[in-house]
$ cat protein.txt   # compact mmCIF, C-alpha atoms
# COMPACT_ATOMS: atom_id res chain seq x y z
CA MET J 861 -7.61 -13.53 30.69
CA LEU J 862 -4.03 -12.27 30.57
CA LYS J 863 -3.14 -15.13 28.26
CA GLU J 864 -5.90 -14.21 25.80
CA LEU J 865 -4.80 -10.60 25.86
CA PHE J 866 -1.24 -11.73 25.10
CA TYR J 867 -2.48 -13.84 22.17
CA TYR J 868 -4.54 -10.97 20.87
CA LEU J 869 -2.01 -8.18 21.27
CA VAL J 870 1.48 -9.70 21.04
CA TYR J 871 1.72 -13.13 19.39
CA PRO J 872 0.12 -14.00 16.98
CA GLY J 873 -1.82 -10.78 17.27
CA PHE J 874 -1.22 -7.12 16.70
CA VAL J 875 2.49 -6.58 17.38
CA PHE J 876 3.76 -9.70 15.59
CA LEU J 877 1.57 -9.11 12.54
CA ALA J 878 2.50 -5.44 12.33
CA ILE J 879 6.24 -6.04 12.59
CA SER J 880 6.38 -8.97 10.17
CA GLY J 881 4.07 -7.08 7.80
CA GLY J 882 6.41 -4.08 7.89
CA ILE J 883 9.39 -6.30 7.12
CA ILE J 884 7.53 -7.91 4.20
CA VAL J 885 6.62 -4.46 2.83
CA TRP J 886 10.28 -3.41 3.05
CA PHE J 887 11.24 -6.62 1.19
CA ASP J 888 8.67 -5.84 -1.49
CA ARG J 889 9.90 -2.26 -1.94
CA LYS J 890 13.57 -3.28 -1.90
CA VAL J 891 13.05 -5.99 -4.53
CA THR J 892 11.14 -3.48 -6.64
CA ALA J 893 14.10 -1.09 -6.34
CA TRP J 894 16.57 -3.81 -7.29
CA LEU J 895 14.48 -4.74 -10.32
CA GLN J 896 14.68 -1.12 -11.46
CA PHE J 897 18.45 -0.94 -10.67
CA ARG J 898 17.87 1.45 -7.78
CA LYS J 899 19.15 1.31 -4.24
CA GLY J 900 15.82 1.27 -2.47
CA PRO J 901 14.53 2.43 0.91
CA PRO J 902 16.21 1.70 4.28
CA PHE J 903 15.08 -1.26 6.38
CA LEU J 904 12.91 0.70 8.80
CA GLN J 905 11.13 2.70 6.06
CA PRO J 906 7.63 1.14 6.48
CA PHE J 907 7.78 1.88 10.21
CA TYR J 908 8.91 5.46 9.61
CA ASP J 909 5.99 5.91 7.19
CA PHE J 910 3.51 4.48 9.68
CA LEU J 911 4.81 6.50 12.66
CA LYS J 912 4.95 9.69 10.65
CA LEU J 913 1.33 9.31 9.57
CA LEU J 914 0.22 8.32 13.06
CA LEU J 915 2.11 10.87 15.17
CA VAL J 916 3.00 13.86 13.05
CA LYS J 917 0.37 14.46 10.40
CA GLU J 918 -2.95 16.19 10.83
CA THR J 919 -6.12 14.15 10.23
CA ILE J 920 -8.54 16.02 7.99
CA LEU J 921 -12.22 15.11 8.11
CA PRO J 922 -14.43 15.48 5.03
CA ALA J 923 -16.74 18.47 5.25
CA ARG J 924 -19.63 16.87 3.38
CA GLY J 925 -19.09 13.21 4.20
CA SER J 926 -20.16 11.10 7.16
CA LYS J 927 -17.37 11.73 9.65
CA ILE J 928 -17.96 8.84 12.06
CA THR J 929 -18.16 6.19 9.33
CA PHE J 930 -15.13 7.75 7.67
CA LEU J 931 -13.06 7.36 10.84
CA LEU J 932 -14.52 3.99 11.87
CA ALA J 933 -13.77 2.26 8.57
CA PRO J 934 -9.95 2.07 9.04
CA VAL J 935 -10.42 0.81 12.61
CA LEU J 936 -12.70 -1.97 11.40
CA ALA J 937 -10.29 -2.81 8.58
CA LEU J 938 -7.44 -3.12 11.08
CA ALA J 939 -9.58 -5.27 13.39
CA GLY J 940 -10.55 -7.53 10.48
CA ALA J 941 -6.94 -8.03 9.40
CA MET J 942 -5.92 -8.71 13.01
CA VAL J 943 -8.63 -11.31 13.60
CA ALA J 944 -7.79 -13.00 10.30
CA GLY J 945 -4.14 -13.18 11.32
CA ILE J 946 -4.99 -14.60 14.73
CA LEU J 947 -7.20 -17.26 13.13
CA ILE J 948 -4.65 -18.19 10.43
CA LEU J 949 -1.29 -18.18 12.21
CA PRO J 950 -1.72 -20.82 14.98
CA PRO J 951 -3.15 -23.54 12.66
CA ALA J 952 -0.60 -22.65 9.97
CA THR J 953 2.21 -23.27 12.46
CA GLY J 954 0.66 -26.57 13.54
CA LEU J 955 -0.89 -25.48 16.86
CA ASN J 956 -4.23 -26.98 17.77
CA THR J 957 -6.81 -24.28 18.41
CA GLY J 958 -9.73 -26.70 18.81
CA PHE J 959 -11.76 -24.74 16.25
CA SER J 960 -13.21 -26.93 13.53
CA GLY J 961 -14.49 -25.18 10.42
CA ASP J 962 -12.20 -22.18 10.81
CA ILE J 963 -11.26 -22.11 7.10
CA ILE J 964 -14.78 -20.89 6.27
CA VAL J 965 -14.63 -18.19 8.95
CA ILE J 966 -11.23 -17.13 7.62
CA PHE J 967 -12.69 -16.83 4.11
CA TYR J 968 -15.31 -14.38 5.39
CA ILE J 969 -13.00 -12.38 7.63
CA LEU J 970 -10.42 -11.90 4.87
CA THR J 971 -13.09 -9.91 2.98
CA ILE J 972 -13.59 -7.39 5.80
CA PRO J 973 -10.67 -5.04 4.94
CA SER J 974 -11.80 -4.64 1.32
CA LEU J 975 -15.40 -4.08 2.42
CA THR J 976 -14.39 -1.42 4.92
CA TYR J 977 -12.28 0.35 2.29
CA ILE J 978 -15.48 0.61 0.23
CA ILE J 979 -17.46 1.93 3.20
CA GLY J 980 -14.79 4.49 4.10
CA ALA J 981 -14.44 5.64 0.50
CA LEU J 982 -18.18 6.13 0.10
CA ALA J 983 -18.37 7.97 3.44
CA SER J 984 -15.72 10.47 2.34
CA GLY J 985 -18.01 12.11 -0.21
CA ASN J 986 -15.34 12.48 -2.87
CA PRO J 987 -16.35 11.56 -6.44
CA LEU J 988 -12.97 9.95 -7.21
CA ALA J 989 -13.27 7.89 -4.03
CA ALA J 990 -16.70 6.76 -5.22
CA VAL J 991 -15.16 5.64 -8.51
CA GLY J 992 -12.51 3.75 -6.55
CA ALA J 993 -15.12 2.15 -4.32
CA SER J 994 -17.18 1.00 -7.29
CA ARG J 995 -14.10 -0.55 -8.86
CA GLU J 996 -13.17 -2.24 -5.58
CA MET J 997 -16.70 -3.68 -5.41
CA LYS J 998 -16.44 -5.12 -8.92
CA LEU J 999 -13.03 -6.52 -8.10
CA ILE J 1000 -14.40 -8.25 -4.98
CA ILE J 1001 -17.22 -9.75 -7.03
CA SER J 1002 -14.73 -11.12 -9.53
CA TYR J 1003 -12.08 -12.64 -7.26
CA GLU J 1004 -14.19 -13.92 -4.35
CA LEU J 1005 -15.73 -16.76 -6.39
CA THR J 1006 -12.26 -17.91 -7.49
CA PHE J 1007 -11.00 -17.70 -3.92
CA LEU J 1008 -13.98 -19.71 -2.66
CA LEU J 1009 -13.44 -22.33 -5.38
CA ILE J 1010 -9.76 -22.62 -4.39
CA ILE J 1011 -10.74 -23.20 -0.77
CA ALA J 1012 -13.39 -25.73 -1.88
CA ALA J 1013 -10.79 -27.57 -3.96
CA VAL J 1014 -8.40 -27.69 -1.01
CA ILE J 1015 -11.17 -29.00 1.23
CA LEU J 1016 -11.99 -31.65 -1.39
CA LYS J 1017 -8.30 -32.58 -1.64
CA SER J 1018 -8.01 -33.09 2.11
CA SER J 1019 -11.02 -35.50 2.16
CA LEU J 1020 -13.64 -32.92 3.16
CA SER J 1021 -11.94 -31.62 6.27
CA ILE J 1022 -12.89 -28.01 7.03
CA SER J 1023 -10.33 -27.36 9.75
CA LEU J 1024 -7.19 -25.52 8.69
CA GLU J 1025 -5.13 -27.45 11.23
CA ASP J 1026 -6.18 -30.81 9.71
CA ILE J 1027 -5.40 -29.51 6.22
CA VAL J 1028 -1.89 -28.52 7.35
CA ALA J 1029 -1.40 -31.84 9.20
CA MET J 1030 -2.42 -33.81 6.09
CA GLN J 1031 0.40 -32.17 4.11
CA GLN J 1032 3.10 -33.30 6.57
CA HIS J 1033 4.76 -35.55 3.99
CA HIS J 1034 3.36 -34.46 0.64
CA ALA J 1035 2.49 -30.81 0.27
CA TYR J 1036 -0.39 -30.26 -2.16
CA ILE J 1037 1.81 -28.24 -4.52
CA GLY J 1038 3.49 -31.52 -5.49
CA SER J 1039 0.55 -32.58 -7.67
CA ILE J 1040 -0.81 -31.16 -10.95
CA SER J 1041 -3.99 -29.89 -9.34
CA GLY J 1042 -1.88 -28.30 -6.59
CA VAL J 1043 0.16 -26.38 -9.16
CA LEU J 1044 -3.01 -25.11 -10.86
CA LEU J 1045 -4.43 -24.06 -7.48
CA PHE J 1046 -1.16 -22.29 -6.62
CA ILE J 1047 -1.18 -20.26 -9.84
CA THR J 1048 -4.77 -19.14 -9.33
CA GLY J 1049 -4.10 -18.54 -5.63
CA ILE J 1050 -1.19 -16.19 -6.38
CA LEU J 1051 -3.28 -14.16 -8.83
CA THR J 1052 -6.24 -14.03 -6.43
CA ILE J 1053 -3.95 -12.75 -3.67
CA GLN J 1054 -2.62 -10.16 -6.08
CA ALA J 1055 -6.17 -8.89 -6.57
CA LYS J 1056 -7.03 -9.13 -2.88
CA LEU J 1057 -4.01 -7.00 -1.98
CA GLY J 1058 -4.72 -4.54 -4.79
CA LEU J 1059 -1.24 -4.89 -6.30
CA ILE J 1060 -0.49 -3.60 -9.75
CA PRO J 1061 -2.26 -5.61 -12.43
CA PHE J 1062 -5.38 -5.28 -10.26
CA ASP J 1063 -4.82 -1.93 -8.53
CA MET J 1064 -7.54 -0.08 -10.45
CA ALA J 1065 -9.30 0.77 -7.18
CA GLU J 1066 -6.41 3.02 -6.11
CA ALA J 1067 -4.87 3.88 -9.45
CA GLU J 1068 -2.53 6.75 -8.63
CA THR J 1069 -2.27 8.11 -12.14
CA GLU J 1070 -5.93 8.21 -13.11
CA ILE J 1071 -8.00 8.56 -9.92
CA THR J 1072 -5.20 9.61 -7.50
CA HIS J 1073 -5.36 6.84 -4.88
CA GLY J 1074 -9.09 6.29 -5.48
CA SER J 1075 -10.65 4.90 -2.32
CA PHE J 1076 -8.01 6.47 -0.05
CA ILE J 1077 -7.92 9.92 -1.63
CA GLU J 1078 -9.45 11.72 1.38
CA TYR J 1079 -7.58 9.84 4.11
CA SER J 1080 -4.76 11.61 5.89
CA GLY J 1081 -2.88 11.40 9.17
CA SER J 1082 -3.68 8.68 11.66
CA ALA J 1083 -6.68 7.30 9.72
CA TYR J 1084 -4.40 6.68 6.75
CA ALA J 1085 -1.81 5.21 9.11
CA LEU J 1086 -4.32 2.54 10.17
CA ILE J 1087 -5.06 1.75 6.51
CA LYS J 1088 -1.32 1.44 5.84
CA LEU J 1089 -0.99 -0.92 8.82
CA THR J 1090 -3.89 -3.02 7.52
CA LYS J 1091 -2.11 -3.28 4.19
CA TYR J 1092 1.12 -4.33 5.92
CA MET J 1093 -0.76 -7.05 7.80
CA MET J 1094 -2.62 -8.31 4.75
CA ILE J 1095 0.55 -8.66 2.68
CA PHE J 1096 1.87 -10.94 5.44
CA ILE J 1097 -1.34 -12.87 6.23
CA LEU J 1098 -2.37 -13.85 2.70
CA PRO J 1099 0.97 -15.48 1.72
CA VAL J 1100 0.92 -17.34 5.06
CA PHE J 1101 -2.61 -18.56 4.29
CA LEU J 1102 -1.52 -19.75 0.85
CA CYS J 1103 1.44 -21.50 2.52
CA ALA J 1104 -0.94 -23.22 4.92
CA ILE J 1105 -3.40 -24.49 2.33
CA LEU J 1106 -0.97 -25.50 -0.43
CA LEU J 1107 2.66 -25.51 0.72
CA GLY J 1108 2.36 -27.51 3.93
CA GLY J 1109 2.23 -24.73 6.51
CA LEU J 1110 4.98 -23.20 8.60
CA LYS J 1111 7.06 -24.78 11.37
CA PHE J 1112 9.06 -23.03 14.05
CA GLU J 1113 11.62 -25.64 15.03
CA GLY J 1114 15.23 -26.17 13.94
CA ILE J 1115 15.99 -25.85 10.23
CA HIS J 1116 12.25 -25.56 9.48
CA ILE J 1117 12.35 -21.91 10.60
CA LEU J 1118 14.50 -21.15 7.56
CA TRP J 1119 12.17 -23.08 5.20
CA SER J 1120 9.12 -21.33 6.62
CA ILE J 1121 10.63 -17.88 6.11
CA LEU J 1122 11.76 -18.83 2.60
CA LYS J 1123 8.27 -20.07 1.71
CA VAL J 1124 6.62 -16.81 2.72
CA LEU J 1125 9.34 -14.67 1.12
CA GLY J 1126 9.14 -16.78 -2.06
CA ILE J 1127 5.43 -16.10 -2.41
CA VAL J 1128 5.98 -12.38 -1.76
CA LEU J 1129 8.78 -12.41 -4.33
CA LEU J 1130 6.38 -13.87 -6.91
CA LEU J 1131 3.80 -11.19 -6.08
CA THR J 1132 6.47 -8.48 -6.45
CA LEU J 1133 7.67 -9.85 -9.77
CA ILE J 1134 4.12 -9.94 -11.16
CA ARG J 1135 3.57 -6.41 -9.83
CA ASN J 1136 6.68 -5.05 -11.53
CA THR J 1137 6.31 -6.68 -14.91
CA ASN J 1138 2.67 -5.99 -15.70
CA PRO J 1139 0.59 -2.95 -16.60
CA ARG J 1140 -2.67 -2.12 -14.87
CA VAL J 1141 -5.65 -3.86 -16.51
CA ARG J 1142 -9.08 -2.32 -16.92
CA ILE J 1143 -11.84 -3.43 -14.56
CA ASP J 1144 -13.73 -5.31 -17.29
CA GLN J 1145 -10.53 -7.13 -18.29
CA ALA J 1146 -9.97 -8.11 -14.65
CA MET J 1147 -13.55 -9.41 -14.33
CA ARG J 1148 -13.24 -11.43 -17.52
CA PHE J 1149 -9.85 -12.75 -16.40
CA PHE J 1150 -11.23 -14.06 -13.11
CA PHE J 1151 -14.70 -15.14 -14.25
CA ILE J 1152 -13.52 -17.11 -17.27
CA TRP J 1153 -9.87 -18.07 -17.04
CA MET J 1154 -9.17 -18.37 -13.32
CA ASN J 1155 -12.46 -20.14 -12.59
CA LEU J 1156 -11.79 -22.48 -15.51
CA LEU J 1157 -8.35 -23.34 -14.09
CA VAL J 1158 -9.76 -24.04 -10.63
CA ILE J 1159 -12.55 -26.19 -12.07
CA ILE J 1160 -9.98 -28.18 -14.05
CA ALA J 1161 -8.06 -28.60 -10.79
CA ILE J 1162 -11.21 -29.82 -9.02
CA VAL J 1163 -11.86 -32.37 -11.79
CA LEU J 1164 -8.25 -33.53 -11.51
CA ILE J 1165 -8.67 -33.89 -7.74
CA LEU J 1166 -11.74 -36.08 -8.32
CA PHE J 1167 -9.55 -38.30 -10.47
CA GLY J 1168 -6.98 -38.38 -7.68
CA LEU J 1169 -4.26 -36.35 -9.41
CA MET W 1119 15.75 16.82 17.28
CA GLY W 1120 12.76 15.03 18.72
CA PHE W 1121 11.38 11.65 17.70
CA LYS W 1122 8.48 13.16 15.75
CA ASP W 1123 10.81 15.36 13.76
CA PHE W 1124 13.06 12.38 13.09
CA VAL W 1125 10.32 10.15 11.64
CA PHE W 1126 8.91 13.09 9.69
CA LYS W 1127 12.21 13.76 7.98
CA LYS W 1128 12.76 10.05 7.35
CA SER W 1129 9.62 9.70 5.22
CA LEU W 1130 8.81 12.78 3.19
CA TRP W 1131 6.13 12.14 0.57
CA LEU W 1132 6.18 14.49 -2.37
CA PHE W 1133 3.30 16.12 -4.20
CA HIS W 1134 4.07 17.90 -7.40
CA PHE W 1135 2.35 21.14 -8.38
CA GLY W 1136 3.30 22.49 -11.79
CA GLY W 1137 2.23 26.07 -12.43
CA ALA W 1138 2.48 27.66 -15.85
CA SER W 1139 5.67 25.73 -16.37
CA CYS W 1140 7.66 25.08 -19.53
CA ASN W 1141 7.80 21.45 -18.26
CA ASN W 1142 11.55 21.44 -18.00
CA CYS W 1143 11.58 21.50 -14.20
CA ASP W 1144 8.90 18.77 -14.16
CA ILE W 1145 11.19 16.54 -16.17
CA GLU W 1146 14.15 17.27 -13.90
CA ILE W 1147 12.02 16.47 -10.81
CA LEU W 1148 11.04 13.13 -12.32
CA ASP W 1149 14.74 12.51 -13.02
CA CYS W 1150 15.32 12.40 -9.27
CA LEU W 1151 13.12 9.29 -9.05
CA THR W 1152 15.01 7.39 -11.73
CA PRO W 1153 17.68 4.75 -10.97
CA ARG W 1154 20.56 7.22 -11.33
CA TYR W 1155 19.48 9.57 -8.53
CA ASP W 1156 16.80 7.52 -6.64
CA VAL W 1157 15.33 9.68 -3.87
CA GLU W 1158 13.58 6.61 -2.44
CA ARG W 1159 16.90 6.08 -0.61
CA PHE W 1160 15.79 8.91 1.67
CA GLY W 1161 12.28 7.48 2.00
CA MET W 1162 10.72 9.91 -0.45
CA GLN W 1163 8.05 8.89 -2.90
CA LEU W 1164 5.60 10.65 -5.16
CA VAL W 1165 1.98 10.48 -4.01
CA GLY W 1166 -1.10 11.24 -6.05
CA SER W 1167 -3.28 12.92 -3.43
CA ILE W 1168 -2.40 16.10 -1.55
CA ARG W 1169 -3.93 14.56 1.60
CA HIS W 1170 -0.97 12.16 1.81
CA ALA W 1171 1.75 14.70 1.03
CA ASP W 1172 4.45 16.12 3.30
CA VAL W 1173 6.29 18.21 0.74
CA LEU W 1174 4.66 20.40 -1.88
CA LEU W 1175 6.97 20.89 -4.86
CA VAL W 1176 6.02 24.02 -6.80
CA ASN W 1177 7.61 24.87 -10.12
CA GLY W 1178 6.80 27.16 -13.00
CA SER W 1179 5.66 30.75 -12.90
CA ILE W 1180 2.44 31.24 -10.96
CA ASN W 1181 -0.05 33.25 -12.97
CA ARG W 1182 -3.39 34.67 -11.84
CA LYS W 1183 -5.32 31.50 -12.62
CA ASP W 1184 -2.80 29.27 -10.86
CA LYS W 1185 -2.76 31.39 -7.71
CA SER W 1186 -6.17 30.28 -6.42
CA ARG W 1187 -5.39 26.65 -7.27
CA LEU W 1188 -2.09 26.80 -5.41
CA LEU W 1189 -3.83 28.32 -2.37
CA ASP W 1190 -6.53 25.61 -2.56
CA ILE W 1191 -3.92 22.85 -2.70
CA TYR W 1192 -1.97 24.37 0.16
CA ASN W 1193 -5.05 24.71 2.35
CA GLN W 1194 -6.12 21.12 1.61
CA ALA W 1195 -2.77 19.70 2.69
CA PRO W 1196 -2.52 18.17 6.18
CA LYS W 1197 -0.11 20.19 8.31
CA PRO W 1198 2.87 20.14 8.84
CA ILE W 1199 3.73 20.62 5.19
CA LEU W 1200 6.99 21.82 3.66
CA VAL W 1201 6.95 23.87 0.48
CA VAL W 1202 9.85 23.77 -1.98
CA ALA W 1203 10.03 26.26 -4.85
CA ILE W 1204 11.92 24.75 -7.78
CA GLY W 1205 13.42 26.60 -10.72
CA ALA W 1206 13.95 30.25 -11.50
CA CYS W 1207 10.22 30.82 -12.15
CA GLY W 1208 9.18 29.32 -8.84
CA CYS W 1209 11.81 31.20 -6.83
CA THR W 1210 11.65 34.66 -8.36
CA GLY W 1211 9.48 34.67 -11.43
CA GLY W 1212 12.42 34.45 -13.82
CA ILE W 1213 11.76 35.97 -17.21
CA PHE W 1214 8.03 36.18 -16.43
CA ALA W 1215 8.48 38.44 -13.39
CA GLU W 1216 7.40 41.55 -15.29
CA GLY W 1217 4.59 39.80 -17.12
CA ASN W 1218 1.01 40.96 -17.20
CA THR W 1219 -0.55 37.76 -15.86
CA PHE W 1220 2.19 37.00 -13.34
CA ALA W 1221 0.83 36.74 -9.78
CA GLY W 1222 4.02 36.90 -7.77
CA PRO W 1223 6.64 34.27 -6.97
CA VAL W 1224 5.59 31.32 -4.79
CA ASP W 1225 6.73 32.89 -1.51
CA LYS W 1226 4.31 35.79 -1.95
CA ILE W 1227 1.40 33.33 -1.95
CA ILE W 1228 2.41 30.59 0.52
CA PRO W 1229 5.38 30.28 2.94
CA VAL W 1230 8.33 28.52 1.31
CA ASP W 1231 10.87 26.35 3.17
CA ALA W 1232 13.50 25.82 0.49
CA TYR W 1233 14.44 27.42 -2.80
CA ILE W 1234 16.17 25.47 -5.57
CA PRO W 1235 17.16 27.95 -8.31
CA GLY W 1236 18.17 27.05 -11.84
CA CYS W 1237 16.56 27.00 -15.26
CA PRO W 1238 16.05 24.10 -14.90
CA PRO W 1239 18.00 22.98 -11.81
CA LYS W 1240 20.01 19.84 -12.41
CA PRO W 1241 18.88 16.74 -10.51
CA GLU W 1242 22.06 17.08 -8.44
CA ALA W 1243 20.95 20.56 -7.42
CA ILE W 1244 17.52 19.25 -6.44
CA LEU W 1245 19.14 16.50 -4.35
CA ALA W 1246 21.42 19.10 -2.71
CA GLY W 1247 18.35 21.19 -1.91
CA ILE W 1248 16.62 18.15 -0.42
CA VAL W 1249 19.63 17.37 1.77
CA LYS W 1250 19.71 20.99 2.96
CA LEU W 1251 16.02 20.74 3.75
CA LEU W 1252 16.64 17.54 5.75
CA ASN W 1253 19.50 19.13 7.72
CA LYS W 1254 17.63 22.35 8.38
CA LYS W 1255 17.11 23.15 12.06
CA PRO W 1256 13.43 22.92 13.01
CA GLU W 1257 12.05 26.44 13.17
CA LYS W 1258 9.33 28.00 15.21
CA LYS W 1259 5.88 27.16 13.84
CA LYS W 1260 5.03 29.76 11.28
CA THR W 1261 1.55 30.87 10.41
CA ALA W 1262 0.31 30.31 6.93
$ encode --input "protein.txt" --output "structure tokens"
Amino acid sequence: MLKELFYYLVYPGFVFLAISGGIIVWFDRKVTAWLQFRKGPPFLQPFYDFLKLLLVKETILPARGSKITFLLAPVLALAGAMVAGILILPPATGLNTGFSGDIIVIFYILTIPSLTYIIGALASGNPLAAVGASREMKLIISYELTFLLIIAAVILKSSLSISLEDIVAMQQHHAYIGSISGVLLFITGILTIQAKLGLIPFDMAEAETEITHGSFIEYSGSAYALIKLTKYMMIFILPVFLCAILLGGLKFEGIHILWSILKVLGIVLLLTLIRNTNPRVRIDQAMRFFFIWMNLLVIIAIVLILFGL
Amino acid sequence: MGFKDFVFKKSLWLFHFGGASCNNCDIEILDCLTPRYDVERFGMQLVGSIRHADVLLVNGSINRKDKSRLLDIYNQAPKPILVVAIGACGCTGGIFAEGNTFAGPVDKIIPVDAYIPGCPPKPEAILAGIVKLLNKKPEKKKTA
């Protein structure tokens, strides 16, 4: 019982995910600042932001919205991100969890934060939040099929194994990124993660300049702190998941610790570079981009896998 | 200085309210976010929604139509919130102080924590005002 609680709350659960997520967010903001020739925020900035929202600020409830749903949505989002992290991290680091078929469960659980953002936004009763929620919905519709196809391709590549641990173990010597189909899957995977995290080319759901934070416009204080924490966790979990399915997973022994950290930071660096060099696209452009071009790339990759490339 | 005060002052998020401004102060405020001055060093960033804001930047002269909007914005903000009046118009009314539609400087409408005078204040002056705001001793809670 105590052991399960430790797994759930400390490693690989809440505390570990929150701290590494905060560090990744600092890295993202610092690289952004460097790209713009600025100095950037101090190292503990994400934690200051979170603690300020949690401890100091007042939480305002919407007068005309559904208050319980409004407050429950961030809690569910945080729980979803936490469970996804707990399911992803042990297999990604090569530990046997004895759970076959977890990659499908992970696919579903990774959707929970976005879904709860929609629920919370619609419960707040703000018209701009409703616009944000509708955009988030369309975005989910467009990227989920691509994400599912990527996972299907990876399953096909690892001879129909649906356990994340087997998929990582099969890449011990040759990571999947070393083949043509692997490269195609990596490109689509990066862009899908970009949309899943709501980073800039696909941040129309919380566009600051047109709909003023969209889905999160009514959140303040500790409810917004939980949403921030969910975002910190997701920006750590999704690169780790991409590492596990395409780059051969993470290892915590000897020199491999350095490679593991570099893999995750490399993926985050790519996400940051894409975020800083692109304008926001419209929702119809994003849907067309995923439905036609990304799906086409993944299907080409699947055909290549069938030919053994 | 307690822990809560410390984290609050380490991450001030700014919300920008422009009254009937000539837009000069707006431009100087945005200058503070550019590479040369970079207020993100202090953990500050511009936010789009007043619900996320910790500092309300008010510039421009406040006329009768702006007054109700400013009060609305102030009442919608989650407390504690700091108010900074920027520019001559925000602090005193400037050349509009005698005007027919002028509804009083900012501190007649909402409590103000820092004044940054100038027409417009240079970005250095705004940064100096911010540093003074950060070093200010925490006061007794005032009533809005």
$ interface_residues --input "protein.txt" --of "chain W" --to "chain J" --cutoff "7 Å" --atoms "only C-alpha atoms" --output "list of chain:residue names"
W:Lys1122, W:Val1125, W:Phe1126, W:Lys1128, W:Ser1129, W:Pro1153, W:Asp1156, W:Glu1158, W:Arg1159, W:Phe1160, W:Gly1161, W:Gly1166, W:Ser1167, W:Arg1169, W:His1170, W:Pro1196, W:Lys1197, W:Pro1198
$ closest_residue --input "protein.txt" --among "W:Ala1203, W:Ile1147, W:Ala1232, W:Ile1248" --to "Gly1178 of chain W" --atoms "all atoms listed in the file"
W:Ala1203
$ closest_residue --input "protein.txt" --among "J:Met1093, J:Ile1117, J:Val1043, J:Leu1008" --to "Leu1057 of chain J" --atoms "only C-alpha atoms"
J:Met1093
$ residues_around --input "protein.txt" --residues "Glu1146 of chain W" --least-positions-apart "3" --cutoff "6 Å" --atoms "only C-alpha atoms" --output "list in words"
Cys1143, Asp1149 and Pro1241 of chain W
$ closest_residue --input "protein.txt" --among "W:Met1162, W:Cys1237, W:Leu1174, W:Ala1138" --to "Thr1219 of chain W" --atoms "only C-alpha atoms"
W:Ala1138
$ atom_distance --input "protein.txt" --atom1 "atom CA of Gly945 of chain J" --atom2 "atom CA of Val1100 of chain J"
9.1 Å
$ atom_distance --input "protein.txt" --atom1 "atom CA of Ala923 of chain J" --atom2 "atom CA of Asp1190 of chain W"
14.7 Å
$ residues_around --input "protein.txt" --residues "Leu955 of chain J" --least-positions-apart "5" --cutoff "12 Å" --atoms "only C-alpha atoms" --output "list in words"
Pro872, Ile946, Leu947, Ile948, Leu949, Pro950, Ser1023, Leu1024, Glu1025, Asp1026, Val1028, Ala1029, Gly1109, Leu1110, Lys1111 and Phe1112 of chain J
$ closest_residue --input "protein.txt" --among "W:Lys1183, W:Lys1127, W:Lys1226, W:Arg1154" --to "Lys1250 of chain W" --atoms "all atoms listed in the file"
W:Lys1127
$ atom_distance --input "protein.txt" --atom1 "atom CA of Val1124 of chain J" --atom2 "atom CA of Ile1047 of chain J"
15.2 Å
$ residues_around --input "protein.txt" --residues "Gly1126 of chain J" --least-positions-apart "5" --cutoff "12 Å" --atoms "only C-alpha atoms" --output "VMD selection string"
chain J and resid 884 887 to 888 891 1050 1096 1099 to 1100 1102 to 1103 1107 1118 to 1121 1131 to 1133
$ residues_around --input "protein.txt" --residues "Val1201 of chain W" --least-positions-apart "3" --cutoff "10 Å" --atoms "all atoms listed in the file" --output "ChimeraX atom specification"
/W:1132-1133,1172-1176,1192,1204,1224-1225,1228-1233
$ residues_near_point --input "protein.txt" --point "(14.3, 20.4, -5.7)" --cutoff "6 Å" --atoms "all atoms listed in the file" --output "PyMOL selection string"
chain W and resi 1204+1234+1244+1247
$ build_atoms --input "protein.txt" --residues "segment 1017-1024 of chain J" --atoms "N, CA and C atoms" --output "tab-separated table (two decimals), in the frame of the given file"
chain	number	residue	atom	x	y	z
J	1017	LYS	N	-9.57	-31.86	-1.56
J	1017	LYS	CA	-8.30	-32.58	-1.64
J	1017	LYS	C	-7.94	-33.22	-0.30
J	1018	SER	N	-8.33	-32.54	0.80
J	1018	SER	CA	-8.01	-33.09	2.11
J	1018	SER	C	-9.21	-33.86	2.68
J	1019	SER	N	-9.87	-34.64	1.83
J	1019	SER	CA	-11.02	-35.50	2.16
J	1019	SER	C	-12.03	-34.80	3.07
J	1020	LEU	N	-12.52	-33.65	2.58
J	1020	LEU	CA	-13.64	-32.92	3.16
J	1020	LEU	C	-13.43	-32.49	4.60
J	1021	SER	N	-12.18	-32.16	4.94
J	1021	SER	CA	-11.94	-31.62	6.27
J	1021	SER	C	-12.01	-30.10	6.18
J	1022	ILE	N	-12.76	-29.46	7.11
J	1022	ILE	CA	-12.89	-28.01	7.03
J	1022	ILE	C	-12.14	-27.33	8.16
J	1023	SER	N	-11.13	-28.01	8.72
J	1023	SER	CA	-10.33	-27.36	9.75
J	1023	SER	C	-8.94	-27.11	9.17
J	1024	LEU	N	-8.47	-25.88	9.30
J	1024	LEU	CA	-7.19	-25.52	8.69
J	1024	LEU	C	-6.06	-26.36	9.28
